[in-house]
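Dumped protein18.txt below, it's compact mmCIF, C-alpha atoms and all ligand atoms:
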```txt
# COMPACT_ATOMS: atom_id res chain seq x y z
CA MET J 27 14.56 -9.87 -2.71
CA ALA J 28 11.22 -10.98 -4.17
CA GLU J 29 11.41 -12.14 -7.75
CA LEU J 30 9.16 -13.96 -10.20
CA VAL J 31 9.94 -14.96 -13.76
CA ILE J 32 7.45 -13.05 -15.89
CA ASN J 33 7.43 -13.47 -19.67
CA GLY J 34 10.91 -14.99 -19.45
CA THR J 35 12.33 -12.15 -17.33
CA PRO J 36 13.13 -12.39 -13.60
CA MET J 37 11.09 -9.48 -12.30
CA HIS J 38 11.95 -7.80 -9.01
CA TYR J 39 8.98 -6.63 -6.95
CA GLN J 40 8.14 -5.59 -3.40
CA PHE J 41 5.04 -5.43 -1.22
CA ASP J 42 4.57 -2.84 1.52
CA GLY J 43 1.77 -1.56 3.70
CA LEU J 44 -1.50 -2.94 4.95
CA GLU J 45 -1.73 -6.65 4.12
CA GLN J 46 -5.53 -6.68 3.82
CA GLY J 47 -5.74 -3.30 2.06
CA PRO J 48 -6.63 -2.72 -1.60
CA VAL J 49 -3.62 -3.16 -3.90
CA VAL J 50 -2.01 -0.08 -5.44
CA LEU J 51 0.61 -0.95 -8.05
CA PHE J 52 3.39 1.58 -8.68
CA SER J 53 5.32 1.73 -11.96
CA ASN J 54 8.58 3.69 -12.19
CA SER J 55 9.87 6.23 -14.69
CA LEU J 56 12.65 5.73 -17.18
CA GLY J 57 16.02 5.56 -15.39
CA ALA J 58 14.56 5.07 -11.89
CA ASP J 59 13.50 1.94 -10.04
CA LEU J 60 10.98 0.92 -7.41
CA THR J 61 12.78 2.93 -4.71
CA MET J 62 11.55 6.15 -6.32
CA TRP J 63 8.24 5.46 -4.49
CA ASP J 64 9.80 5.25 -0.99
CA GLY J 65 8.48 8.64 0.18
CA VAL J 66 4.96 8.06 -1.14
CA ALA J 67 4.85 4.49 0.22
CA ASP J 68 5.81 5.72 3.69
CA LYS J 69 2.76 7.96 3.75
CA LEU J 70 0.32 5.34 2.47
CA ARG J 71 1.41 2.21 4.33
CA ALA J 72 -1.42 2.40 6.86
CA HIS J 73 -4.07 2.48 4.14
CA PHE J 74 -3.07 0.34 1.16
CA ARG J 75 -1.24 -2.78 0.12
CA MET J 76 1.41 -1.41 -2.17
CA LEU J 77 3.02 -3.46 -4.91
CA ARG J 78 6.07 -1.98 -6.61
CA TYR J 79 8.24 -3.53 -9.28
CA ASP J 80 11.30 -2.65 -11.33
CA THR J 81 10.33 -2.22 -14.96
CA ARG J 82 12.31 -4.37 -17.38
CA GLY J 83 15.82 -2.97 -17.86
CA HIS J 84 15.63 -1.06 -14.56
CA GLY J 85 16.83 -1.70 -11.01
CA GLN J 86 17.06 -5.43 -10.42
CA THR J 87 14.90 -6.49 -13.37
CA PRO J 88 17.12 -7.11 -16.39
CA ALA J 89 16.19 -6.54 -20.03
CA LEU J 90 17.11 -9.91 -21.46
CA ALA J 91 15.59 -9.34 -24.87
CA SER J 92 15.47 -6.34 -27.15
CA PRO J 93 13.53 -4.66 -28.71
CA ILE J 94 10.92 -4.05 -26.04
CA SER J 95 7.52 -2.54 -26.84
CA MET J 96 5.01 -0.76 -24.58
CA ALA J 97 2.82 -3.85 -25.00
CA ASP J 98 5.65 -5.99 -23.56
CA LEU J 99 5.93 -3.65 -20.57
CA GLY J 100 2.16 -3.76 -20.09
CA GLN J 101 2.07 -7.55 -20.38
CA ASP J 102 4.78 -7.72 -17.70
CA VAL J 103 2.33 -6.10 -15.28
CA ILE J 104 -0.44 -8.52 -16.27
CA GLY J 105 1.99 -11.45 -15.86
CA LEU J 106 3.05 -10.21 -12.42
CA LEU J 107 -0.57 -9.78 -11.28
CA ASP J 108 -1.50 -13.23 -12.61
CA ALA J 109 1.47 -14.82 -10.85
CA LEU J 110 0.52 -13.08 -7.59
CA LYS J 111 -3.18 -13.96 -8.14
CA ILE J 112 -4.28 -10.33 -7.98
CA GLN J 113 -7.29 -9.58 -10.16
CA THR J 114 -7.74 -5.80 -10.04
CA ILE J 115 -5.55 -2.95 -8.88
CA TYR J 116 -5.32 0.77 -8.51
CA PHE J 117 -2.51 1.66 -10.90
CA CYS J 118 -0.12 4.55 -10.36
CA GLY J 119 2.60 5.17 -12.93
CA LEU J 120 4.95 8.08 -13.47
CA SER J 121 6.21 9.08 -16.94
CA MET J 122 7.10 5.76 -18.63
CA GLY J 123 5.05 4.16 -15.84
CA GLY J 124 2.17 6.43 -16.90
CA LEU J 125 2.46 5.18 -20.50
CA ILE J 126 2.31 1.61 -19.19
CA GLY J 127 -0.79 2.59 -17.20
CA GLN J 128 -2.49 4.07 -20.27
CA TRP J 129 -1.69 0.95 -22.30
CA LEU J 130 -3.10 -1.28 -19.55
CA ALA J 131 -6.28 0.77 -19.10
CA ILE J 132 -6.88 0.59 -22.87
CA HIS J 133 -6.07 -3.11 -23.37
CA HIS J 134 -6.95 -4.66 -19.98
CA PRO J 135 -9.63 -2.38 -18.50
CA GLU J 136 -10.92 -5.23 -16.34
CA ARG J 137 -7.68 -5.19 -14.30
CA ILE J 138 -7.55 -1.45 -13.52
CA SER J 139 -10.20 -0.13 -11.16
CA LYS J 140 -8.63 3.32 -10.82
CA LEU J 141 -5.81 4.92 -12.75
CA VAL J 142 -3.27 7.52 -11.67
CA LEU J 143 -1.17 8.97 -14.48
CA SER J 144 1.61 11.13 -13.15
CA ASN J 145 4.03 13.35 -15.10
CA THR J 146 3.25 11.63 -18.33
CA ALA J 147 1.76 12.17 -21.77
CA ALA J 148 -0.03 10.11 -24.40
CA LYS J 149 3.12 10.62 -26.48
CA ILE J 150 6.33 11.58 -24.73
CA GLY J 151 8.90 13.54 -26.76
CA THR J 152 9.55 13.11 -30.48
CA SER J 153 11.33 10.46 -32.52
CA THR J 154 14.12 12.95 -33.13
CA THR J 155 14.79 13.68 -29.44
CA TRP J 156 14.65 9.98 -28.52
CA ASN J 157 16.94 9.00 -31.39
CA GLU J 158 19.44 11.65 -30.29
CA ARG J 159 19.36 10.29 -26.75
CA ILE J 160 19.71 6.72 -27.98
CA GLU J 161 22.70 7.74 -30.10
CA THR J 162 24.41 9.54 -27.19
CA VAL J 163 23.93 6.68 -24.71
CA SER J 164 24.95 4.07 -27.29
CA GLN J 165 28.19 5.90 -27.95
CA GLN J 166 29.08 7.45 -24.58
CA GLY J 167 27.17 5.42 -22.03
CA LEU J 168 24.51 6.34 -19.48
CA SER J 169 26.84 8.49 -17.38
CA SER J 170 27.07 10.99 -20.24
CA ILE J 171 23.44 12.07 -19.70
CA VAL J 172 23.28 12.02 -15.90
CA ASP J 173 23.34 15.81 -15.46
CA ALA J 174 20.71 16.41 -18.11
CA VAL J 175 18.42 13.76 -16.61
CA LEU J 176 18.72 15.09 -13.06
CA SER J 177 17.97 18.63 -14.21
CA ARG J 178 14.73 17.38 -15.75
CA TRP J 179 13.83 15.19 -12.77
CA LEU J 180 14.07 17.74 -9.95
CA THR J 181 13.98 21.51 -9.57
CA PRO J 182 17.31 23.24 -8.75
CA GLU J 183 15.89 24.26 -5.36
CA PHE J 184 15.10 20.65 -4.42
CA ARG J 185 18.46 19.36 -5.65
CA HIS J 186 20.26 21.99 -3.64
CA ALA J 187 18.29 21.29 -0.44
CA ASN J 188 18.31 17.46 -0.69
CA PRO J 189 21.81 16.23 -1.52
CA ASP J 190 21.16 12.76 0.01
CA THR J 191 18.12 12.13 -2.16
CA LEU J 192 20.11 13.31 -5.15
CA THR J 193 22.94 10.90 -4.36
CA ARG J 194 20.49 8.01 -4.02
CA LEU J 195 18.76 8.78 -7.31
CA LEU J 196 22.08 9.15 -9.02
CA ALA J 197 23.19 5.74 -7.78
CA THR J 198 19.91 4.22 -9.00
CA PHE J 199 20.32 5.80 -12.40
CA ARG J 200 23.92 4.68 -12.77
CA ALA J 201 23.03 1.12 -11.72
CA ASN J 202 20.86 0.64 -14.81
CA THR J 203 22.45 -1.05 -17.78
CA ASP J 204 22.88 0.92 -21.01
CA ALA J 205 21.06 -1.85 -22.88
CA GLY J 206 18.04 -1.83 -20.57
CA TYR J 207 17.78 1.95 -20.64
CA LEU J 208 18.12 2.05 -24.44
CA ALA J 209 15.47 -0.61 -24.94
CA CYS J 210 13.00 1.41 -22.86
CA CYS J 211 13.91 4.67 -24.67
CA ALA J 212 12.99 2.95 -27.94
CA ALA J 213 9.73 1.61 -26.44
CA ILE J 214 8.75 5.15 -25.34
CA ARG J 215 9.78 6.61 -28.72
CA ASP J 216 7.53 4.15 -30.52
CA THR J 217 4.48 4.73 -28.32
CA ASP J 218 1.74 7.13 -29.35
CA LEU J 219 -1.55 6.63 -27.50
CA ARG J 220 -3.15 9.94 -28.44
CA ASP J 221 -5.79 8.30 -30.63
CA ASP J 222 -6.53 5.53 -28.14
CA ILE J 223 -6.83 7.04 -24.69
CA HIS J 224 -10.44 8.13 -25.24
CA ARG J 225 -11.20 4.41 -24.76
CA ILE J 226 -10.06 4.55 -21.13
CA THR J 227 -13.04 4.08 -18.83
CA ALA J 228 -11.27 3.73 -15.46
CA PRO J 229 -11.74 6.73 -13.16
CA THR J 230 -8.51 8.63 -13.77
CA LEU J 231 -6.42 11.11 -11.83
CA ILE J 232 -3.71 12.99 -13.71
CA ILE J 233 -0.87 14.50 -11.71
CA ALA J 234 1.23 17.15 -13.44
CA GLY J 235 4.27 19.08 -12.27
CA THR J 236 4.24 22.85 -12.61
CA HIS J 237 7.98 22.81 -13.36
CA ASP J 238 8.11 19.57 -15.37
CA PRO J 239 10.03 20.29 -18.58
CA VAL J 240 9.48 16.77 -20.01
CA THR J 241 5.80 16.05 -19.69
CA THR J 242 4.19 19.41 -19.16
CA VAL J 243 0.96 20.50 -17.54
CA ALA J 244 -0.36 20.93 -21.12
CA ASP J 245 0.38 17.23 -21.77
CA GLY J 246 -1.64 16.36 -18.66
CA GLN J 247 -4.49 18.59 -19.80
CA LEU J 248 -4.54 16.84 -23.17
CA ILE J 249 -4.99 13.48 -21.46
CA GLN J 250 -7.66 15.00 -19.24
CA LYS J 251 -9.62 16.22 -22.27
CA LYS J 252 -9.70 12.75 -23.80
CA ILE J 253 -10.61 10.64 -20.75
CA THR J 254 -14.16 11.15 -19.55
CA ASP J 255 -14.33 12.82 -16.12
CA ALA J 256 -10.56 12.64 -15.56
CA GLN J 257 -9.34 14.89 -12.74
CA LEU J 258 -6.09 16.83 -12.83
CA VAL J 259 -3.96 17.90 -9.90
CA GLU J 260 -0.96 20.17 -10.40
CA LEU J 261 1.93 19.86 -7.95
CA ALA J 262 4.82 22.27 -7.46
CA ALA J 263 7.53 19.94 -8.75
CA ALA J 264 9.59 18.98 -11.78
CA HIS J 265 9.37 15.56 -13.48
CA LEU J 266 9.80 13.22 -10.49
CA SER J 267 6.98 14.76 -8.48
CA ALA J 268 6.57 11.56 -6.42
CA VAL J 269 10.08 12.19 -5.09
CA GLU J 270 10.12 15.98 -4.94
CA VAL J 271 6.75 16.46 -3.23
CA ALA J 272 6.09 12.94 -1.90
CA ASP J 273 3.69 14.15 0.81
CA ALA J 274 1.49 16.13 -1.60
CA PHE J 275 1.62 13.23 -4.06
CA ALA J 276 0.48 10.76 -1.39
CA GLN J 277 -2.25 13.15 -0.29
CA ALA J 278 -3.56 13.38 -3.88
CA LEU J 279 -3.66 9.57 -4.07
CA GLN J 280 -5.44 9.30 -0.74
CA GLU J 281 -8.10 11.76 -1.83
CA PHE J 282 -8.64 9.96 -5.15
CA LEU J 283 -8.49 6.30 -4.14
CA PRO J 284 -11.41 4.85 -2.13
CA LYS J 285 -10.68 4.13 1.47
CA PRO J 286 -10.03 0.48 2.33
CA ILE J 287 -13.08 -1.44 3.58
CA ALA J 288 -11.76 -1.31 7.14
CA GLU J 289 -11.58 2.48 7.20
CA GLN J 290 -14.90 2.90 5.40
CA LYS J 291 -16.66 0.54 7.80
CA CYS J 292 -15.19 2.18 10.90
CA LEU J 293 -16.38 5.53 9.56
CA GLU J 294 -19.91 4.24 8.87
CA TRP J 295 -20.17 2.71 12.33
CA MET J 296 -18.92 5.80 14.05
CA LEU J 297 -21.48 7.89 12.21
CA SER J 298 -24.40 5.52 12.81
CA ASP J 299 -24.13 5.41 16.64
CA ARG J 300 -21.10 7.33 17.52
CA ALA J 301 -21.41 7.33 21.31
CA THR J 302 -21.73 3.55 21.72
CA TYR J 303 -19.10 2.83 19.11
CA ASP J 304 -16.62 5.29 20.65
CA ALA J 305 -17.23 4.02 24.18
CA GLY J 306 -16.82 0.43 23.00
CA MET J 307 -13.68 1.18 21.07
CA ALA J 308 -12.16 3.05 24.03
CA VAL J 309 -12.81 0.16 26.45
CA ARG J 310 -11.69 -2.40 23.89
CA ARG J 311 -8.39 -0.54 23.43
CA ASP J 312 -7.92 -0.13 27.22
CA VAL J 313 -8.57 -3.79 27.96
CA LEU J 314 -7.14 -5.64 24.96
CA GLY J 315 -4.47 -3.09 24.01
CA SER J 316 -4.30 -0.93 20.90
CA ALA J 317 -2.00 -3.31 19.04
CA HIS J 318 -4.65 -6.06 19.20
CA VAL J 319 -7.46 -3.69 18.16
CA ASP J 320 -5.42 -2.22 15.28
CA ARG J 321 -4.75 -5.76 14.03
CA ALA J 322 -8.46 -6.59 14.22
CA ASN J 323 -9.41 -3.38 12.41
CA ALA J 324 -6.84 -3.95 9.70
CA GLY J 325 -8.28 -7.42 9.17
CA ILE J 326 -11.82 -6.21 8.50
CA THR J 327 -13.27 -7.60 5.27
CA ASP J 328 -16.75 -7.62 3.74
CA PHE J 329 -17.15 -11.07 5.30
CA ASN J 330 -16.34 -10.24 8.93
CA ALA J 331 -17.16 -6.52 9.06
CA ASP J 332 -20.57 -6.87 10.74
CA PHE J 333 -19.11 -9.20 13.36
CA GLN J 334 -16.35 -6.71 14.18
CA ASP J 335 -19.00 -4.00 14.54
CA PHE J 336 -20.99 -6.29 16.85
CA ILE J 337 -17.95 -6.90 19.05
CA THR J 338 -17.04 -3.23 19.44
CA ARG J 339 -20.54 -1.85 19.76
CA TYR J 340 -22.26 -4.60 21.78
CA ALA J 341 -19.63 -6.52 23.73
CA TRP J 342 -17.45 -3.53 24.57
CA GLY J 343 -19.85 -0.58 24.13
CA GLU J 344 -22.87 -2.05 25.95
CA ILE J 345 -21.70 -4.81 28.32
CA TRP J 346 -18.11 -4.10 29.35
CA THR J 347 -19.13 -0.45 29.92
CA ARG J 348 -21.95 -1.29 32.37
CA PRO J 349 -21.28 0.24 35.80
CA GLY J 350 -22.54 -2.73 37.87
CA LEU J 351 -19.23 -4.62 37.93
CA SER J 352 -15.66 -3.38 37.86
CA ARG J 353 -13.43 -4.28 34.91
CA HIS J 354 -11.34 -6.24 37.41
CA SER J 355 -14.36 -8.41 38.37
CA ARG J 356 -15.41 -8.78 34.74
CA SER J 357 -11.95 -10.07 33.90
CA LEU J 358 -12.10 -12.72 36.66
CA ILE J 359 -15.51 -14.06 35.65
CA THR J 360 -14.58 -13.93 31.95
CA LEU J 361 -11.54 -16.11 32.66
CA GLY J 362 -13.69 -18.56 34.65
CA MET J 363 -16.24 -18.84 31.85
CA LEU J 364 -13.60 -19.29 29.15
CA ILE J 365 -12.00 -22.13 31.17
CA ALA J 366 -15.41 -23.79 31.44
CA LEU J 367 -15.97 -23.43 27.71
CA ASN J 368 -12.45 -24.66 26.86
CA ARG J 369 -11.74 -21.66 24.57
CA GLU J 370 -7.95 -21.56 24.67
CA ALA J 371 -7.28 -18.65 22.29
CA GLU J 372 -9.86 -16.37 23.92
CA PHE J 373 -8.66 -17.44 27.37
CA LYS J 374 -5.09 -16.42 26.56
CA MET J 375 -6.25 -13.10 25.14
CA HIS J 376 -8.19 -12.45 28.36
CA VAL J 377 -5.23 -13.39 30.56
CA ARG J 378 -3.35 -10.55 28.84
CA ALA J 379 -6.42 -8.31 29.18
CA ALA J 380 -6.77 -9.19 32.90
CA PHE J 381 -3.37 -7.67 33.63
CA ASN J 382 -4.53 -4.45 31.90
CA ASN J 383 -7.50 -4.49 34.32
CA GLY J 384 -5.31 -4.77 37.39
CA VAL J 385 -5.70 -8.52 37.99
CA THR J 386 -2.63 -10.08 39.62
CA VAL J 387 -0.87 -13.34 38.83
CA ASP J 388 -2.05 -14.74 42.20
CA GLU J 389 -5.64 -13.90 41.39
CA ILE J 390 -5.38 -15.71 38.04
CA LYS J 391 -3.97 -18.71 39.89
CA GLU J 392 -6.96 -18.64 42.29
CA VAL J 393 -9.45 -18.45 39.41
CA ILE J 394 -7.87 -21.53 37.82
CA MET J 395 -7.76 -23.39 41.18
CA HIS J 396 -11.42 -22.54 41.66
CA SER J 397 -12.25 -23.75 38.16
CA ALA J 398 -10.79 -27.17 39.01
CA LEU J 399 -13.72 -27.55 41.39
CA TYR J 400 -16.50 -26.62 38.99
CA CYS J 401 -15.03 -27.38 35.55
CA GLY J 402 -12.83 -30.36 36.39
CA LEU J 403 -9.11 -31.07 36.64
CA PRO J 404 -8.47 -31.39 32.88
CA ALA J 405 -9.95 -27.93 32.26
CA ALA J 406 -7.86 -26.38 35.05
CA ASN J 407 -4.75 -28.21 33.87
CA ALA J 408 -5.18 -26.83 30.34
CA ALA J 409 -5.77 -23.36 31.79
CA PHE J 410 -2.54 -23.50 33.82
CA HIS J 411 -0.62 -24.43 30.66
CA ALA J 412 -2.21 -21.65 28.63
CA ALA J 413 -1.79 -19.03 31.36
CA SER J 414 1.86 -20.04 31.84
CA GLU J 415 2.51 -19.27 28.16
CA ILE J 416 1.22 -15.74 28.64
CA LEU J 417 3.20 -15.29 31.89
CA ASN J 418 6.36 -16.36 30.03
CA GLU J 419 5.54 -14.07 27.13
CA GLN J 420 5.12 -11.15 29.52
CA ARG J 421 8.10 -12.24 31.68
CA LEU J 422 5.94 -12.42 34.83
O1 LIG A 501 14.51 10.93 -18.88
C1 LIG A 501 13.68 11.83 -19.04
O2 LIG A 501 13.84 12.79 -19.77
C2 LIG A 501 12.38 11.75 -18.35
C3 LIG A 501 11.54 10.65 -18.80
C4 LIG A 501 10.97 10.43 -19.99
C5 LIG A 501 10.22 9.22 -19.95
C6 LIG A 501 10.41 8.81 -18.57
O3 LIG A 501 9.94 7.83 -17.98
O4 LIG A 501 11.20 9.66 -17.93
```
Could you write out this file's structure as structure tokens?
Amino acid sequence: MAELVINGTPMHYQFDGLEQGPVVLFSNSLGADLTMWDGVADKLRAHFRMLRYDTRGHGQTPALASPISMADLGQDVIGLLDALKIQTIYFCGLSMGGLIGQWLAIHHPERISKLVLSNTAAKIGTSTTWNERIETVSQQGLSSIVDAVLSRWLTPEFRHANPDTLTRLLATFRANTDAGYLACCAAIRDTDLRDDIHRITAPTLIIAGTHDPVTTVADGQLIQKKITDAQLVELAAAHLSAVEVADAFAQALQEFLPKPIAEQKCLEWMLSDRATYDAGMAVRRDVLGSAHVDRANAGITDFNADFQDFITRYAWGEIWTRPGLSRHSRSLITLGMLIALNREAEFKMHVRAAFNNGVTVDEIKEVIMHSALYCGLPAANAAFHAASEILNEQRL
């Protein structure tokens, strides 16, 4: 379990997805925890680095102090980002998480490069309804409102068809402490951002649920009216749309959030000289293996992007594709040259690649023997050690 003490509270958080991707932070609704994003995270793991956390008083993050305000919940996010040394994020929050997102985009616009506000409002409910809920939970405990909460969270059709999801959500809800839940109810009750959200400048996507009885499509439209150029997507779901229609939710995020540098660059390259790029990528995958190429692509940054393009397009698209020598021969001479140059990491990579090109263990041995003549015994000795590591790795 990953945990950091933020503003005096041990905060539980979790990273998933593409390590070098842009960070999307997910903030849960009242009564849920970071697992409510499981379905969405599964769909996005190839594209983004996802950071989820349990809001104070939820899941494995306790509410040690009460009262809690929306500013406290917002500052928890800032504290977490500071502790993790993350400067800017795409923020995605649902319901209470959406209130936290609005507060952050108003008070810390420099940290939010894009904002997704799902199933939320600038003011959720009324003081009367929240006070009634606070009274009920204070006197009868959280379990007394379970049925009412679930009927707001998910449509009857979804609940009927997905008993396992229902059981999991129920367990999550019951695992919260009364005190933590009550503190967040009061924070939501006391939050009214209707006069402030016009200050939000981050590009914003609002997601509303057609069947959401808590934060309605009209609530989403009100936010949309006040935030310049905000987009609104309506999904066929009740309040927990990220659970009920996780695929459609993830799709909406993917369409709204910019593609990671790696994907953008690959797209640009393919468009600029598609034939060479495609040929290079195909040979590179054949020879080095897709796992290696996927790792290299995932690691593309602004700094190394042009070099990665050069490798695919020039080394693999223009040289390795030339018809004058077989891939088998190219592997043998590549190994010989890498021994001469004493490039251990590249040599090992090309021992693996040589097997993909049909080179045998005996042939690799002969190349190294031959190199002893022209590169010297120390070079051949080092090559035998390095090649042996790969043979062991591949159980050859
Ligand atoms: O519990 C509910 O009724 C739904 C809800 C309100 C705020 C939130 O985060 O969830």
Padded axis-aligned box of region 94-104 of chain J (6 Å per side), centre and edge lengths, Å, one decimal, as JSON:
```
{"center_x": 5.2, "center_y": -4.6, "center_z": -21.1, "size_x": 23.4, "size_y": 19.8, "size_z": 23.6}
```
- For CA of Ala341 (chain J) and CA of Gly325 (chain J), determine how far apart the two atoms are, in Å to one decimal place.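 About the pair CA of Ala341 (chain J) and CA of Gly325 (chain J): they are 18.5 Å apart.
The shortest atom-to-atom distance to Leu422 (chain J), with only C-alpha atoms taken into account, belongs to J:Val387 out of J:Val387, J:Leu110, J:Ala187, J:Ile223.
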Would you give me, as a tab-separated table, each residue of chain J having an atom within 7 Å of an atom of ligand LIG 501 (chain A), along with its shortest atom pair and that distance in Å to one decimal, using only C-alpha atoms and all ligand atoms and sorting by chain and residue number?
```
residue	atom	partner	partner_atom	distance
J:Ser55	CA	A:LIG501	O3	3.7
J:Leu56	CA	A:LIG501	O3	3.5
J:Gly57	CA	A:LIG501	O1	6.6
J:Leu120	CA	A:LIG501	O3	6.7
J:Ser121	CA	A:LIG501	O3	4.1
J:Met122	CA	A:LIG501	O3	3.6
J:Gly123	CA	A:LIG501	O3	6.5
J:Ile150	CA	A:LIG501	C5	6.6
J:Val175	CA	A:LIG501	O1	5.3
J:Arg178	CA	A:LIG501	O2	6.2
J:Trp179	CA	A:LIG501	C2	6.7
J:Ile214	CA	A:LIG501	C5	6.9
J:Val240	CA	A:LIG501	O2	5.9
J:His265	CA	A:LIG501	C2	6.9
```
Resulting file, chosen residues, C-alpha atoms, as a CSV table (one decimal), in the frame of the given file:
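Final file, selection_26.csv:
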```
chain,number,residue,atom,x,y,z
J,55,SER,CA,9.9,6.2,-14.7
J,56,LEU,CA,12.6,5.7,-17.2
J,57,GLY,CA,16.0,5.6,-15.4
J,120,LEU,CA,5.0,8.1,-13.5
J,121,SER,CA,6.2,9.1,-16.9
J,122,MET,CA,7.1,5.8,-18.6
J,123,GLY,CA,5.0,4.2,-15.8
J,150,ILE,CA,6.3,11.6,-24.7
J,175,VAL,CA,18.4,13.8,-16.6
J,178,ARG,CA,14.7,17.4,-15.8
J,179,TRP,CA,13.8,15.2,-12.8
J,214,ILE,CA,8.8,5.2,-25.3
J,240,VAL,CA,9.5,16.8,-20.0
J,265,HIS,CA,9.4,15.6,-13.5
```
- Note on the structure: Using all atoms listed in the file, the shortest atom-to-atom distance to Leu208 (chain J) among J:Ser170, J:Asn383, J:Ser92, J:Thr193 belongs to J:Ser92
Excluding Val385 (chain J) and any residue of its chain fewer than 2 positions from it, enumerate the residues within 12 Å of it, using all atoms listed in the file, and give them as a PDB file with C-alpha atoms, in the coordinates of the input.
```pdb
ATOM      1  CA  VAL J 313      -8.570  -3.790  27.960  1.00  0.00           C
ATOM      2  CA  SER J 352     -15.660  -3.380  37.860  1.00  0.00           C
ATOM      3  CA  ARG J 353     -13.430  -4.280  34.910  1.00  0.00           C
ATOM      4  CA  HIS J 354     -11.340  -6.240  37.410  1.00  0.00           C
ATOM      5  CA  SER J 355     -14.360  -8.410  38.370  1.00  0.00           C
ATOM      6  CA  ARG J 356     -15.410  -8.780  34.740  1.00  0.00           C
ATOM      7  CA  SER J 357     -11.950 -10.070  33.900  1.00  0.00           C
ATOM      8  CA  LEU J 358     -12.100 -12.720  36.660  1.00  0.00           C
ATOM      9  CA  ILE J 359     -15.510 -14.060  35.650  1.00  0.00           C
ATOM     10  CA  LEU J 361     -11.540 -16.110  32.660  1.00  0.00           C
ATOM     11  CA  HIS J 376      -8.190 -12.450  28.360  1.00  0.00           C
ATOM     12  CA  VAL J 377      -5.230 -13.390  30.560  1.00  0.00           C
ATOM     13  CA  ARG J 378      -3.350 -10.550  28.840  1.00  0.00           C
ATOM     14  CA  ALA J 379      -6.420  -8.310  29.180  1.00  0.00           C
ATOM     15  CA  ALA J 380      -6.770  -9.190  32.900  1.00  0.00           C
ATOM     16  CA  PHE J 381      -3.370  -7.670  33.630  1.00  0.00           C
ATOM     17  CA  ASN J 382      -4.530  -4.450  31.900  1.00  0.00           C
ATOM     18  CA  ASN J 383      -7.500  -4.490  34.320  1.00  0.00           C
ATOM     19  CA  VAL J 387      -0.870 -13.340  38.830  1.00  0.00           C
ATOM     20  CA  ASP J 388      -2.050 -14.740  42.200  1.00  0.00           C
ATOM     21  CA  GLU J 389      -5.640 -13.900  41.390  1.00  0.00           C
ATOM     22  CA  ILE J 390      -5.380 -15.710  38.040  1.00  0.00           C
ATOM     23  CA  LYS J 391      -3.970 -18.710  39.890  1.00  0.00           C
ATOM     24  CA  GLU J 392      -6.960 -18.640  42.290  1.00  0.00           C
ATOM     25  CA  VAL J 393      -9.450 -18.450  39.410  1.00  0.00           C
TER      26      VAL J 393
END
```
- Atomic separation - CA of Glu161 (chain J) relative to CA of Gly235 (chain J), Å: 28.0 Å
- Give me, please, the distance in Å between CA of Ala371 (chain J) and CA of Ala405 (chain J), quoted to one decimal.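 According to the coordinates, CA of Ala371 (chain J) and CA of Ala405 (chain J) are separated by 13.9 Å.
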- Task: Kindly indicate which residue among J:Glu281, J:Asp304, J:Asp335, J:Asp98 lies nearest to Thr35 (chain J), using only C-alpha atoms for the distances.
- Result: J:Asp98
- Message: List as a list in words the protein and nucleic acid residues near Val163 (chain J), meaning an atom at most 10 Å away when all atoms listed in the file are counted, but skip any in the same chain fewer than 4 places from it.
- Response: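 Neighbouring residues, sequence-local ones excluded: Asn157, Glu158, Arg159, Gly167, Leu168, Ser169, Ser170, Ile171, Asp204, Ala205, Tyr207 and Leu208 of chain J.
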